[in-house]
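Okay, final16.cif is below, mmCIF, C-alpha atoms and all ligand atoms:
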```cif
data_run
#
loop_
_atom_site.label_atom_id
_atom_site.label_comp_id
_atom_site.auth_asym_id
_atom_site.auth_seq_id
_atom_site.Cartn_x
_atom_site.Cartn_y
_atom_site.Cartn_z
CA MET A 1 141.34 137.14 53.64
CA TYR A 2 137.87 135.74 53.05
CA LYS A 3 138.93 132.41 54.52
CA TYR A 4 140.39 134.12 57.57
CA GLU A 5 137.19 136.12 58.25
CA ARG A 6 135.10 133.00 57.87
CA ALA A 7 137.33 131.13 60.30
CA VAL A 8 137.01 133.96 62.85
CA ALA A 9 133.22 134.03 62.44
CA LEU A 10 133.03 130.25 62.87
CA SER A 11 135.18 130.25 65.97
CA ARG A 12 133.08 133.14 67.40
CA SER A 13 129.84 131.27 66.88
CA LYS A 14 131.43 128.19 68.47
CA ILE A 15 132.38 130.29 71.52
CA ASN A 16 128.78 131.51 71.72
CA VAL A 17 127.40 127.98 71.51
CA ASP A 18 129.84 126.80 74.19
CA LYS A 19 128.86 129.76 76.35
CA GLN A 20 125.20 128.88 75.97
CA LYS A 21 125.96 125.30 76.99
CA THR A 22 127.86 126.29 80.15
CA GLU A 23 125.75 129.25 81.37
CA PRO A 24 122.54 128.20 83.08
CA LYS A 25 119.58 129.87 81.40
CA PRO A 26 116.81 131.35 83.54
CA PHE A 27 113.69 129.24 83.34
CA LEU A 28 111.08 130.71 81.02
CA THR A 29 107.55 129.45 80.73
CA ASP A 30 106.18 129.32 77.19
CA ILE A 31 103.38 131.72 76.28
CA LYS A 32 100.78 128.97 75.82
CA THR A 33 101.32 127.60 79.36
CA LEU A 34 101.29 131.13 80.80
CA ARG A 35 97.99 131.92 79.09
CA GLU A 36 96.42 128.64 80.19
CA ARG A 37 97.49 129.25 83.78
CA ALA A 38 96.23 132.84 83.72
CA ARG A 39 92.83 131.65 82.50
CA LYS A 40 92.66 128.82 85.05
CA ASN A 41 93.77 131.06 87.93
CA ILE A 42 91.54 133.96 87.07
CA ALA A 43 89.68 133.51 90.37
CA GLY A 44 92.95 134.34 92.16
CA GLY A 45 92.83 137.93 90.86
CA GLY A 46 96.30 139.45 90.74
CA VAL A 47 97.89 136.51 92.57
CA THR A 48 99.40 134.32 89.89
CA PHE A 49 100.79 130.79 89.85
CA THR A 50 104.37 132.08 90.12
CA TYR A 51 103.76 133.97 93.38
CA HIS A 52 106.21 132.36 95.78
CA GLY A 53 105.16 134.07 98.98
CA ASP A 54 102.50 133.18 101.50
CA VAL A 55 99.65 135.44 100.32
CA LYS A 56 97.74 135.28 103.60
CA LYS A 57 100.82 136.21 105.61
CA THR A 58 101.74 138.99 103.12
CA ILE A 59 98.27 140.55 103.44
CA GLU A 60 98.51 140.33 107.24
CA ILE A 61 101.89 142.12 107.20
CA LEU A 62 100.63 144.76 104.76
CA GLN A 63 97.60 145.47 106.97
CA SER A 64 100.04 146.46 109.72
CA VAL A 65 102.06 148.57 107.22
CA LEU A 66 98.78 150.22 106.16
CA ALA A 67 97.93 151.01 109.80
CA THR A 68 101.43 152.47 110.28
CA GLU A 69 100.96 154.74 107.26
CA ILE A 70 97.46 155.83 108.36
CA VAL A 71 98.79 156.76 111.81
CA CYS A 72 101.60 158.74 110.12
CA VAL A 73 99.05 160.59 107.95
CA LEU A 74 96.99 161.47 111.04
CA ARG A 75 99.97 162.55 113.13
CA TYR A 76 101.54 164.75 110.44
CA THR A 77 98.17 166.26 109.52
CA MET A 78 97.46 167.10 113.16
CA HIS A 79 100.99 168.53 113.62
CA ALA A 80 100.69 170.62 110.43
CA VAL A 81 97.57 172.24 111.85
CA ALA A 82 98.55 172.45 115.52
CA ALA A 83 102.22 173.55 115.29
CA GLN A 84 102.62 176.99 116.83
CA GLY A 85 105.35 179.40 117.86
CA ILE A 86 108.30 181.26 116.45
CA SER A 87 109.34 180.07 112.99
CA SER A 88 106.64 177.40 112.96
CA GLU A 89 105.53 178.26 109.40
CA GLY A 90 108.37 176.37 107.70
CA VAL A 91 107.87 173.42 110.03
CA LYS A 92 104.12 173.38 109.36
CA ALA A 93 104.80 173.27 105.61
CA GLU A 94 107.22 170.37 106.10
CA PHE A 95 104.66 168.46 108.21
CA ALA A 96 101.99 169.07 105.56
CA GLN A 97 104.29 167.81 102.80
CA HIS A 98 105.03 164.65 104.80
CA ALA A 99 101.31 164.12 105.43
CA LYS A 100 100.79 164.20 101.66
CA GLU A 101 103.55 161.65 101.05
CA GLU A 102 102.31 159.36 103.85
CA THR A 103 98.90 159.49 102.16
CA GLU A 104 100.51 158.28 98.93
CA HIS A 105 102.13 155.40 100.84
CA MET A 106 98.82 154.55 102.48
CA ASN A 107 97.13 154.33 99.08
CA GLN A 108 99.93 152.27 97.53
CA VAL A 109 99.83 149.73 100.37
CA ALA A 110 96.01 149.56 100.24
CA GLU A 111 96.18 148.94 96.47
CA ARG A 112 98.71 146.16 96.97
CA ILE A 113 96.50 144.44 99.56
CA ASN A 114 93.65 144.64 97.08
CA GLN A 115 95.81 143.20 94.26
CA LEU A 116 96.67 140.25 96.49
CA GLY A 117 92.99 139.55 97.07
CA GLY A 118 92.68 141.17 100.50
CA ARG A 119 90.47 143.95 101.79
CA PRO A 120 92.51 146.92 103.08
CA ASP A 121 91.70 147.46 106.75
CA PHE A 122 90.86 151.14 107.31
CA ASN A 123 88.84 150.39 110.42
CA PRO A 124 89.64 153.04 113.07
CA THR A 125 88.94 150.50 115.81
CA GLY A 126 92.25 149.00 116.88
CA LEU A 127 94.20 151.14 114.40
CA ALA A 128 96.82 152.20 116.98
CA THR A 129 97.55 148.61 118.00
CA ARG A 130 97.87 147.43 114.37
CA ALA A 131 100.40 150.20 113.60
CA ALA A 132 104.15 150.05 114.25
CA SER A 133 104.37 153.80 114.88
CA GLU A 134 102.53 155.95 117.43
CA TYR A 135 100.12 158.84 117.02
CA GLY A 136 101.92 160.89 119.71
CA THR A 137 101.01 163.41 122.38
CA ALA A 138 103.43 166.29 121.73
CA ASP A 139 102.24 169.79 122.54
CA ASN A 140 105.15 171.92 121.34
CA LEU A 141 107.12 172.25 118.15
CA VAL A 142 110.32 170.50 119.25
CA GLU A 143 108.38 167.61 120.83
CA MET A 144 106.40 167.21 117.59
CA ILE A 145 109.60 167.05 115.54
CA LYS A 146 111.03 164.46 117.97
CA GLU A 147 107.90 162.33 117.78
CA ASN A 148 108.02 162.37 114.00
CA LEU A 149 111.71 161.51 113.98
CA ILE A 150 111.07 158.53 116.28
CA ALA A 151 108.13 157.38 114.09
CA GLU A 152 110.23 157.67 110.94
CA ARG A 153 113.08 155.69 112.48
CA ILE A 154 110.64 152.94 113.46
CA ALA A 155 109.20 152.91 109.90
CA VAL A 156 112.69 152.77 108.35
CA ASP A 157 113.76 149.81 110.55
CA HIS A 158 110.47 148.01 110.01
CA TYR A 159 110.51 148.42 106.21
CA ARG A 160 114.17 147.41 105.91
CA GLU A 161 113.34 144.20 107.75
CA LEU A 162 110.29 143.56 105.56
CA ILE A 163 112.28 144.15 102.35
CA ARG A 164 114.70 141.43 103.45
CA TYR A 165 111.77 139.20 104.44
CA PHE A 166 110.00 139.43 101.04
CA GLY A 167 113.26 139.03 99.06
CA GLU A 168 112.66 137.11 95.84
CA ASP A 169 109.41 135.53 97.06
CA ASP A 170 107.43 138.68 96.35
CA PRO A 171 109.40 141.20 94.26
CA GLY A 172 106.25 143.30 93.71
CA THR A 173 105.67 143.97 97.41
CA ARG A 174 109.42 144.30 98.00
CA THR A 175 109.84 146.93 95.27
CA MET A 176 106.89 148.93 96.60
CA LEU A 177 108.40 148.87 100.10
CA GLN A 178 111.81 149.87 98.72
CA HIS A 179 110.30 152.98 97.13
CA ILE A 180 108.48 153.83 100.35
CA LEU A 181 111.66 153.24 102.38
CA VAL A 182 113.61 155.82 100.35
CA VAL A 183 110.96 158.45 101.18
CA GLU A 184 110.89 157.46 104.88
CA GLU A 185 114.67 157.87 105.02
CA GLU A 186 114.26 161.36 103.56
CA HIS A 187 111.54 162.09 106.14
CA ALA A 188 113.82 160.98 108.99
CA ASN A 189 116.57 163.18 107.61
CA ASP A 190 114.20 166.18 107.31
CA MET A 191 113.08 165.73 110.93
CA HIS A 192 116.68 165.41 112.06
CA ASP A 193 117.57 168.69 110.31
CA LEU A 194 114.55 170.45 111.81
CA LEU A 195 115.51 169.21 115.26
CA VAL A 196 119.02 170.60 114.86
CA ALA A 197 117.62 173.92 113.61
CA HIS A 198 115.12 174.27 116.47
CA GLN A 199 116.90 172.57 119.33
CA GLY A 200 120.52 173.17 118.42
CA ARG A 201 121.49 169.52 118.97
CA PRO A 202 121.25 166.54 116.65
CA MET A 203 120.68 163.83 119.24
CA LEU A 204 117.52 162.70 120.91
CA PRO A 205 117.66 162.80 124.73
FE FE A 301 105.13 156.52 104.87
FE FE A 302 107.44 159.03 106.68
#
```

Take the structure I supplied and represent it as structure tokens, if you would.
Amino acid sequence: MYKYERAVALSRSKINVDKQKTEPKPFLTDIKTLRERARKNIAGGGVTFTYHGDVKKTIEILQSVLATEIVCVLRYTMHAVAAQGISSEGVKAEFAQHAKEETEHMNQVAERINQLGGRPDFNPTGLATRAASEYGTADNLVEMIKENLIAERIAVDHYRELIRYFGEDDPGTRTMLQHILVVEEEHANDMHDLLVAHQGRPMLP
């Protein structure tokens, strides 16, 4: 019995060794090298040696994402205040909630730009041209909902594209955008539902 168990244990450990030989191991840098690099690259701030993306390009892209989020904050805030008419209270509350979430996105993106060594661009001059979405001109409830739905769809498409673009080169930025994307999808869905409730049809003209 003892012999049998020993034989099984031996053959198991052999299988493990063989497995280790055949399966490629992910490359790991030893602690000493990591620490040396971190000390040497301290001037690079949060951008470390293993960052595979183009930092300059990433910051440039994120400045446009930041502008998009700022414009969304402004539009939703304005709509939350200006929405009027029958059953506008629920819609106002929804706009205000979205404005709050867009503000969170704005701050996250600004923080990321800062981590990468950039200076987040909050300059109001040229803001509209840096942003992917529009501020809007709607003057009634249904038009406001439509404008927000369009802006959310633009954000969703834009962020999906950027998530693919960053891929494995910048998992930090990609993960942040993935979290934002989930919320933008919810926003688009909320606006779609409001449009159906207030217009009676799901489709945009
Ligand atoms: Fe957002
Ligand atoms: Fe949104």

Exercise answer, 10 Å around ligand FE 301 (chain A) with only C-alpha atoms and all ligand atoms, as a PyMOL selection string
chain A and resi 65-66+68-73+98-106+108-109+151-152+155-156+159+177+179-185+187

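Among the candidate residues A:Asp54, A:Pro124, A:Arg119, A:Glu36, the one lying nearest to Leu74 (chain A) is A:Pro124, with distances computed using all atoms listed in the file.
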
CA of Val91 (chain A) and CA of Glu161 (chain A), how far apart in Å?
29.8 Å

Please provide the set of residues having any atom within 9 Å of Asp121 (chain A), restricted to all atoms listed in the file, with same-chain residues fewer than 3 positions apart removed, written as a PyMOL selection string.
chain A and resi 63-64+66-67+110+118+124+127

Pick from A:Thr29, A:Lys92, A:Ala197, A:Val55: nearest to Met144 (chain A), with all atoms listed in the file counted?
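Smallest separation from Met144 (chain A) among the options: A:Lys92.
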
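The space separating CA of His192 (chain A) from CA of Gln84 (chain A) comes to 18.8 Å.
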
Which residue out of A:Tyr76, A:Gly117, A:Leu195, A:Thr173 has the minimum interatomic distance to ligand FE 302 (chain A) when all atoms listed in the file are used?
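Closest residue, counting all atoms listed in the file: A:Tyr76.
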